[in-house]
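Here the structure comes first, spelled out in structure tokens, and everything after it is commentary.
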Amino acid sequence: MIEVRNLIFEYPGHRAIDDVSFSIETDSVTALVGPNGAGKTTLMRCLCGLERPLSGDIFVAGIDVIKDPRRSHKTIGYLADTFGLYDELQVRQCLRYAAEANGVKNQIDISVTQTAERLNLTDRLTQRVGGLSRGLRQRVAIGQAIIHEPRVLILDEPASGLDPEARHDLAELIKILKVSGMTSLVSSHILAELGAYATEMLMLRDGQIIEQRLLGKQTESRRHISIELLTANPAIAEMLSTRPEVHSVNTDGARIICEVSGGNHTQQRLLATLVAADAAVVNFSTVEQDLQRSYLDSIRQRQTK
């Protein structure tokens, strides 16, 4: 659905995007993560055809965004980190304006009604946007981004400033949009919430993609194991890193997280090896690899190289 090849973008004196290439599959929710200044917003604006890169290629739903940005806008919904709303307009007027601006020509009233229902804004249609709460304003902004039924939705920090209930509603909406066939790219610093709906992680640092990985349930052939020892023991972690079935080892005090290939029998043999080595194991269990842990593990691995 999204394909980027050798993308370079420069501000005067600074290369914000440095030879980036990646692809995103249809019906996925990709979490774009990285520290402040990594280039996330610049990358998103390039994907939407709002910034012209120095070089490279961008294709969204088969459309060349750089050569034909106007056409690409019909298939992309974009919510900027500082979303723009007209405070003096009613919610209905904002949605109608967005529909017409994005090429909705027929049944605009039906599109407005359906979008309002999807975002629980039906009883707010006649209210002025300037009088709404932050959470409701965010819903209106998302409504403007999806009213033309885009195939790709790009959200830059959509949960910023929202209360816990509004953040939960946002997560549920993104899940619903995925089921309806919409592919989403979402940037946020709230990794735990991204992990509730993201299917993959795209990690950006200093303008470069340093990792892209799938997220989800453990498989029988590859699992993350948590090993808690009575006390921290670097020798045990070193021993684990030499074993062929262990692919990554990260320590946090007396706790070791490692990625292990093989099924239950392999785990049983690994535990037996630890006991034989007098490792003082107090807990040995499978853990789900959530987005936040995945991100932090990637950072630790890079720091130790």
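Letters A, B, ... go to the chains of the structure tokens in the order shown; residues in each chain start at 1; ligands are counted from 1 in the same order.
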Nearby residues (only C-alpha atoms) at most 9 Å from A:Leu194, same-chain spacing under 4 positions excluded, as a PyMOL selection string: chain A and resi 30-31+171+186-190+198+291-292
Close residues, A:Asn6 itself excluded, 8 Å, only C-alpha atoms, min 4 positions apart in chain, as a list of chain:residue names: A:Asp18, A:Asp19, A:Val20, A:Ser21, A:Ser55, A:Gly56, A:Asp57
Distance criterion (only C-alpha atoms): nearest to A:Val104 out of A:Val29, A:Val275, A:Val281, A:Ile146: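 Selected residue with least distance to A:Val104: A:Ile146.
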Top pick for closest residue to A:Val91, considering A:Pro234, A:Pro35, A:Gly131, A:Gly77 and counting only C-alpha atoms: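 Among the listed residues, A:Gly131 lies closest to A:Val91.
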Selected residue, from A:Arg5, A:Thr113, A:Ser160, A:Gly103, that lies nearest to A:Ile66 when counting only C-alpha atoms: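 When distances to A:Ile66 are compared using only C-alpha atoms, the smallest one comes from A:Arg5.
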Distance query stretch 276-280 of chain A at most 9 Å, only C-alpha atoms, self and fewer than 2 positions along chain excluded, as a ChimeraX atom specification: /A:228-231,233,236,271-274,282
Could you please take those selected residues and save C-alpha atoms as a compact mmCIF listing (two decimals), in the first residue's frame?
# COMPACT_ATOMS: atom_id res chain seq x y z
CA GLU A 228 14.11 -13.86 36.79
CA LEU A 229 17.10 -14.72 38.97
CA LEU A 230 17.48 -14.39 42.72
CA THR A 231 20.25 -11.84 42.12
CA ASN A 233 24.28 -12.64 37.39
CA ILE A 236 24.26 -16.36 33.12
CA LEU A 271 15.50 -24.25 31.89
CA ALA A 272 17.26 -27.51 32.79
CA THR A 273 20.55 -25.99 31.63
CA LEU A 274 20.00 -22.95 33.86
CA VAL A 282 12.90 -17.83 40.57
Nearest to A:His73, chosen from A:Asp169, A:Glu88, A:Glu149, A:Asp206, with only C-alpha atoms counted in the distances: A:Glu149
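Minimum distance to A:Leu202 across A:Thr286, A:Leu215, A:Leu54, A:His168 (counting only C-alpha atoms) occurs at A:Leu215.
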Separation of atom CA of A:Leu185 from atom CA of A:Met1 in Å: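 Answer for the atom CA of A:Met1 to atom CA of A:Leu185 separation: 11.0 Å.
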Spatial neighbours of A:Cys94, 9 Å, only C-alpha atoms, chain gap at least 5 places, as a list in words: Leu85, Tyr86, Leu89, Ala99, Val129, Val140, Ala141 and Gln144 of chain A
Distance in Å - atom CA of A:Glu245 versus atom CA of A:Glu259: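 Calculated distance between atom CA of A:Glu245 and atom CA of A:Glu259 is 8.3 Å.
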Given only C-alpha atoms as the counted atoms, nearest of A:Leu79, A:Leu153, A:Ile176, A:Met203 to A:Gln138: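 Using only C-alpha atoms, A:Gln138 sits closest to A:Leu79.
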Polymer residues at most 9 Å from A:Thr251, only C-alpha atoms, same-chain spacing of 5 or more positions, as a list of chain:residue names: A:Ala232, A:Pro234, A:Ala237, A:Ile256, A:Ile257, A:Cys258
Sel. of helix (DSSP H, G or I) residues, stretch 76-138 of chain A, as a ChimeraX atom specification: /A:91-101,108-118,122-124,129-131,134-138
Output file for the residues above (C-alpha atoms, as a CSV table (one decimal), in the first residue's frame):
chain,number,residue,atom,x,y,z
A,91,VAL,CA,-19.1,20.5,13.2
A,92,ARG,CA,-21.4,19.8,10.2
A,93,GLN,CA,-19.8,22.6,8.2
A,94,CYS,CA,-16.3,21.5,9.0
A,95,LEU,CA,-17.1,18.0,7.8
A,96,ARG,CA,-18.9,19.2,4.6
A,97,TYR,CA,-15.9,21.4,3.8
A,98,ALA,CA,-13.5,18.5,4.2
A,99,ALA,CA,-15.7,16.3,2.0
A,100,GLU,CA,-15.8,18.8,-0.8
A,101,ALA,CA,-12.1,19.7,-0.5
A,108,ILE,CA,-22.1,14.6,0.9
A,109,ASP,CA,-24.8,14.8,3.5
A,110,ILE,CA,-24.8,11.0,3.8
A,111,SER,CA,-21.0,11.1,4.2
A,112,VAL,CA,-21.3,13.7,6.9
A,113,THR,CA,-23.9,11.7,8.8
A,114,GLN,CA,-22.0,8.5,8.6
A,115,THR,CA,-18.7,10.1,9.7
A,116,ALA,CA,-20.4,11.8,12.6
A,117,GLU,CA,-21.9,8.5,13.7
A,118,ARG,CA,-18.6,6.7,13.4
A,122,THR,CA,-24.1,13.2,15.8
A,123,ASP,CA,-25.3,15.3,18.7
A,124,ARG,CA,-22.6,17.9,18.1
A,129,VAL,CA,-16.0,23.8,16.9
A,130,GLY,CA,-14.4,26.6,19.0
A,131,GLY,CA,-16.7,25.6,21.9
A,134,ARG,CA,-9.9,19.0,23.2
A,135,GLY,CA,-11.1,15.5,22.8
A,136,LEU,CA,-14.1,16.4,20.7
A,137,ARG,CA,-12.0,18.8,18.5
A,138,GLN,CA,-9.7,15.8,17.9
DSSP strand (DSSP E or B) residues within stretch 154-259 of chain A, as JSON, numbers by chain: {"A": [154, 155, 156, 183, 184, 185, 186, 187, 200, 201, 202, 203, 204, 205, 208, 209, 210, 211, 212, 213, 214, 219, 222, 223, 224, 225, 226, 227, 228, 229, 246, 247, 248, 249, 250, 251, 252, 255, 256, 257, 258, 259]}
A:Gly207 surroundings by only C-alpha atoms, 12 Å radius, close-in-sequence under 4 positions cut, as a count of residues only: 26
Atomic separation - atom CA of A:Asn250 relative to atom CA of A:Phe22, Å: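 Answer for the atom CA of A:Phe22 to atom CA of A:Asn250 separation: 26.9 Å.
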Surrounding residues of A:Cys48 excluding itself and chain neighbours under 2 positions, 7 Å, only C-alpha atoms, as a JSON list (two decimals) with N, CA and C atoms, in the first residue's frame:
[["chain", "number", "residue", "atom", "x", "y", "z"],
["A", 44, "MET", "N", 6.14, 11.93, 7.29],
["A", 44, "MET", "CA", 4.69, 11.87, 7.06],
["A", 44, "MET", "C", 4.25, 12.92, 6.06],
["A", 45, "ARG", "N", 4.78, 14.10, 6.15],
["A", 45, "ARG", "CA", 4.40, 15.17, 5.22],
["A", 45, "ARG", "C", 4.86, 14.83, 3.79],
["A", 46, "CYS", "N", 6.00, 14.17, 3.66],
["A", 46, "CYS", "CA", 6.43, 13.72, 2.34],
["A", 46, "CYS", "C", 5.48, 12.67, 1.79],
["A", 50, "LEU", "N", 2.90, 16.80, 0.86],
["A", 50, "LEU", "CA", 2.92, 18.17, 1.36],
["A", 50, "LEU", "C", 4.33, 18.76, 1.40],
["A", 73, "HIS", "N", -3.91, 12.82, -2.89],
["A", 73, "HIS", "CA", -4.68, 13.33, -1.76],
["A", 73, "HIS", "C", -6.06, 12.68, -1.66],
["A", 76, "ILE", "N", -5.54, 9.52, 0.47],
["A", 76, "ILE", "CA", -4.83, 9.66, 1.75],
["A", 76, "ILE", "C", -5.63, 10.56, 2.69]]
